[in-house]
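Structure record follows, encoded as structure tokens.
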Amino acid sequence: METPGLVVHGEAEPFSTALRSLVNNRLYSDVRFVVGQEQQEVFAHRCLLACRCNFFQRLLGQEPGPGVPSPVVLSTVPAEAFLAVLEFLYTNSVKLQRHSVSPVGRGLGGRGTGAEGTALRLQPPTLQVLEVLTAAVEYGLEELRELCLEFVVKMLDVELVCETLQVAVTFGLGPLQEHCIAFIEAHSQVQLPIFILPIPHLILLLPDPFSDPQEVLRTRGFLELSAPALLSLLRSDNLCVDEAELVLAARSWARVGAAVLERPVAEVAAPVVRELRLALLAPAELSALEEQNRREPLIPVEQIVEAWKCHALRRGDAARDAPCRRRRGTVPREHHRFLDLPFK
């Protein structure tokens with residue numbers, strides 16, 4: 001009986017280093033890409049890409065004709081993210097970074113000028129790991145996608161969370177979307193440090209003067225959210241933000257979108273303002289909002305009328321389409337005792 005062969009392995013590091021040296025190396029390359037808005041030229045090797053990724057197998061399936069082949073244009077993916085994808089395909093490893101070195105990036109699926117909305121980008125830097133995640137999803141690279149998701153979850157913070165939420169909503173990454181919402185809910189709370197005084201059995205909680213429960217709402221990423229992504233936030237009962245602050249944040253979001261899209265503020269805001277719980281505002285606040293709404297329309301008049309009905313009838317269920325359920329961060333007001341819809 002023939003003895004079965006034994007598979008032996010050489011050192012992985014020299015092999016990986018050798019293949020990494022071929023990334024964007026003109027030597028022996030047989031396919032050329034023109035990548036990103038910057039139209040950077042990137043060299044690769046057809047057989048390696050095709051055997052590692054079905055997307056490239058389909059893209060590069062036809063044999064090149066005689067002469068110098070035309071470059072493959074990939075205008076939507078930034079060059080830095082594309083090079084990271086190539087590094088993974090060549091070596092099965094990749095160096096992920098938080099920020100991109102290049103200030104030029106593509107949108108991450110937010111608002112824009114198209115019917116579906118290319119992203120609204122306000123200023124650099126872009127977030128490299130999210131660009132790589134986006135490319136991994138588009139190219140069907142499941143392993144790279146999972147590596148990016150793991151990195152993002154570990155690195156998630158106030159600055160990164162809204163852009164991450166946008167990617168999750170755009171590409172239907174449900175668990176990541178839930179993680180982002182939970183992060184925003186948790187980090188919209190005022191953190192209370194514990195000070196132990198030299199008095200037996202006494203612990204005094206004092207508010208942190210540097211905490212800002214609305215910080216997420218003031219980030220660039222928040223202003224770039226698409227309407228579906230913002231809706232996922234406004235539907236949360238666990239936001240530790242008062243409704244008056246959410247109204248201000250929605251107005252800022254709509255103003256930015258209106259300026260970029262050259263559309264009226266009310267039109268931009270229409271998909272999201274229904275989730276604002278106006279009946280939670282006190283009568284004086286509602287009157288002020290109504291006056292501002294006359295000067296700069298944001299909320300449909302009918303929605304404000306429904307909120308007034310809740311006040312007039314002193315019942316949270318008295319008016320249709322007027323959500324009164326308190327959020328975790330709703331500041332108590334005198335009329336809330338009539339709403340009969342406490343925080344759940």
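Residue numbering restarts at 1 for every chain of the structure tokens, chains are lettered A, B, ... in their displayed order, and ligands are numbered from 1 as they appear.
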
Name the residues in contact with Ala250 (chain A) at a cut-off of 9 Å, using only C-alpha atoms, excluding same-chain residues fewer than 5 positions from it; report them as a ChimeraX atom specification. /A:217,223,230,245,255,269,272-273,276,298

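The spacing separating CA of Ala254 (chain A) from CA of Gln128 (chain A) amounts to 26.7 Å.
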
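A straight line drawn from CA of Glu267 (chain A) to CA of Leu127 (chain A) is 29.6 Å long.
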
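When CA of Gly172 (chain A) is paired with CA of His99 (chain A), their separation reads 23.3 Å.
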
Pick the closest to Ile181 (chain A) from A:Ala259, A:Leu130, A:Ala168, A:Leu289: which is it, counting only C-alpha atoms? A:Ala168

Can you tell me, as a list in words, what residues are no more than 10 Å from Leu160 (chain A) when counting only C-alpha atoms, ignoring any on the same chain fewer than 4 positions away? Arg98, Leu127, Leu130, Val152, Met155, Leu156, Thr164, Leu165, Cys180, Val216, Thr219, Arg220, Gly221 and Phe222 of chain A

Selected residues, C-alpha atoms, written as a PDB file, in the first residue's frame, please.
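File out.pdb, as written:
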```pdb
ATOM      1  CA  ARG A  98      -8.646  54.899   9.866  1.00  0.00           C
ATOM      2  CA  LEU A 127     -12.167  57.154   6.111  1.00  0.00           C
ATOM      3  CA  LEU A 130     -14.935  52.397   5.021  1.00  0.00           C
ATOM      4  CA  VAL A 152     -14.579  49.220  12.122  1.00  0.00           C
ATOM      5  CA  MET A 155     -12.387  51.664  15.965  1.00  0.00           C
ATOM      6  CA  LEU A 156     -15.923  53.059  16.149  1.00  0.00           C
ATOM      7  CA  THR A 164     -20.265  53.830   9.197  1.00  0.00           C
ATOM      8  CA  LEU A 165     -24.043  53.906   9.652  1.00  0.00           C
ATOM      9  CA  CYS A 180     -24.005  51.903  14.997  1.00  0.00           C
ATOM     10  CA  VAL A 216     -22.820  63.006  17.233  1.00  0.00           C
ATOM     11  CA  THR A 219     -20.415  65.791  13.136  1.00  0.00           C
ATOM     12  CA  ARG A 220     -19.814  66.063   9.425  1.00  0.00           C
ATOM     13  CA  GLY A 221     -20.947  62.448   9.088  1.00  0.00           C
ATOM     14  CA  PHE A 222     -24.367  63.305  10.515  1.00  0.00           C
TER      15      PHE A 222
END
```

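Using only C-alpha atoms, the smallest distance between any of A:Glu163, A:Glu302, A:Asp237, A:Glu2 and Val129 (chain A) comes from A:Glu163.
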
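Between Glu243 (chain A) and the candidates A:Val331, A:Ala307, A:Ala50, A:Ile299, the tightest atom-to-atom separation, counting only C-alpha atoms, involves A:Val331.
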
I want to know what sits within 10 Å of Ala81 (chain A), based on only C-alpha atoms, with residues of the same chain fewer than 6 positions away left out; could you give that as an mmCIF file with N, CA, C and O atoms, in the first residue's frame?
```cif
data_model
loop_
_atom_site.group_PDB
_atom_site.id
_atom_site.type_symbol
_atom_site.label_atom_id
_atom_site.label_comp_id
_atom_site.auth_asym_id
_atom_site.auth_seq_id
_atom_site.Cartn_x
_atom_site.Cartn_y
_atom_site.Cartn_z
ATOM 1 N N VAL A 35 -7.949 54.309 -11.967
ATOM 2 C CA VAL A 35 -8.755 54.176 -10.763
ATOM 3 C C VAL A 35 -9.049 55.529 -10.127
ATOM 4 O O VAL A 35 -8.169 56.388 -10.000
ATOM 5 N N GLY A 36 -10.307 55.701 -9.704
ATOM 6 C CA GLY A 36 -10.692 56.836 -8.874
ATOM 7 C C GLY A 36 -10.820 58.138 -9.625
ATOM 8 O O GLY A 36 -10.518 58.254 -10.816
ATOM 9 N N GLU A 87 -3.789 44.387 -2.421
ATOM 10 C CA GLU A 87 -2.893 43.812 -1.420
ATOM 11 C C GLU A 87 -3.524 42.576 -0.788
ATOM 12 O O GLU A 87 -2.845 41.557 -0.578
ATOM 13 N N LEU A 96 -5.166 48.032 7.184
ATOM 14 C CA LEU A 96 -6.300 48.942 7.244
ATOM 15 C C LEU A 96 -5.923 50.159 8.068
ATOM 16 O O LEU A 96 -5.207 50.061 9.057
ATOM 17 N N SER A 100 -7.706 58.097 5.297
ATOM 18 C CA SER A 100 -7.005 57.985 4.030
ATOM 19 C C SER A 100 -5.889 59.006 3.964
ATOM 20 O O SER A 100 -5.982 60.108 4.490
ATOM 21 N N GLY A 105 -11.807 61.303 -2.112
ATOM 22 C CA GLY A 105 -12.514 60.045 -1.874
ATOM 23 C C GLY A 105 -13.843 60.044 -2.574
ATOM 24 O O GLY A 105 -14.312 61.052 -3.066
ATOM 25 N N LEU A 127 -12.445 58.236 5.176
ATOM 26 C CA LEU A 127 -12.167 57.154 6.111
ATOM 27 C C LEU A 127 -11.793 55.923 5.306
ATOM 28 O O LEU A 127 -12.655 55.267 4.718
ATOM 29 N N GLN A 128 -10.499 55.598 5.267
ATOM 30 C CA GLN A 128 -9.982 54.573 4.380
ATOM 31 C C GLN A 128 -10.641 53.229 4.590
ATOM 32 O O GLN A 128 -11.006 52.535 3.643
ATOM 33 N N VAL A 129 -10.837 52.844 5.848
ATOM 34 C CA VAL A 129 -11.382 51.526 6.117
ATOM 35 C C VAL A 129 -12.796 51.398 5.560
ATOM 36 O O VAL A 129 -13.189 50.330 5.077
ATOM 37 N N LEU A 130 -13.584 52.468 5.581
ATOM 38 C CA LEU A 130 -14.935 52.397 5.021
ATOM 39 C C LEU A 130 -14.901 52.312 3.502
ATOM 40 O O LEU A 130 -15.764 51.670 2.890
ATOM 41 N N GLU A 131 -13.912 52.955 2.882
ATOM 42 C CA GLU A 131 -13.757 52.827 1.430
ATOM 43 C C GLU A 131 -13.388 51.397 1.058
ATOM 44 O O GLU A 131 -13.898 50.846 0.074
ATOM 45 N N VAL A 132 -12.515 50.779 1.839
ATOM 46 C CA VAL A 132 -12.130 49.389 1.575
ATOM 47 C C VAL A 132 -13.321 48.465 1.817
ATOM 48 O O VAL A 132 -13.571 47.533 1.044
ATOM 49 N N LEU A 133 -14.071 48.720 2.885
ATOM 50 C CA LEU A 133 -15.278 47.929 3.163
ATOM 51 C C LEU A 133 -16.261 48.033 2.007
ATOM 52 O O LEU A 133 -16.840 47.024 1.571
ATOM 53 N N THR A 134 -16.466 49.236 1.503
ATOM 54 C CA THR A 134 -17.374 49.438 0.380
ATOM 55 C C THR A 134 -16.921 48.642 -0.838
ATOM 56 O O THR A 134 -17.722 47.972 -1.500
ATOM 57 N N ALA A 135 -15.623 48.712 -1.142
ATOM 58 C CA ALA A 135 -15.091 47.955 -2.283
ATOM 59 C C ALA A 135 -15.240 46.455 -2.063
ATOM 60 O O ALA A 135 -15.591 45.708 -2.989
ATOM 61 N N ALA A 136 -14.995 45.988 -0.843
ATOM 62 C CA ALA A 136 -15.119 44.561 -0.549
ATOM 63 C C ALA A 136 -16.545 44.075 -0.775
ATOM 64 O O ALA A 136 -16.765 42.980 -1.320
#
```

Using only C-alpha atoms, determine which residues lie at most 10 Å from Gln57 (chain A), disregarding the query and same-chain residues fewer than 6 positions distant; provide the list as number ranges by chain. A: 46-51

Counting only C-alpha atoms, the residue among A:Val85, A:Ala288, A:Val34, A:Val169 that lies closest to Leu231 (chain A) is A:Val169
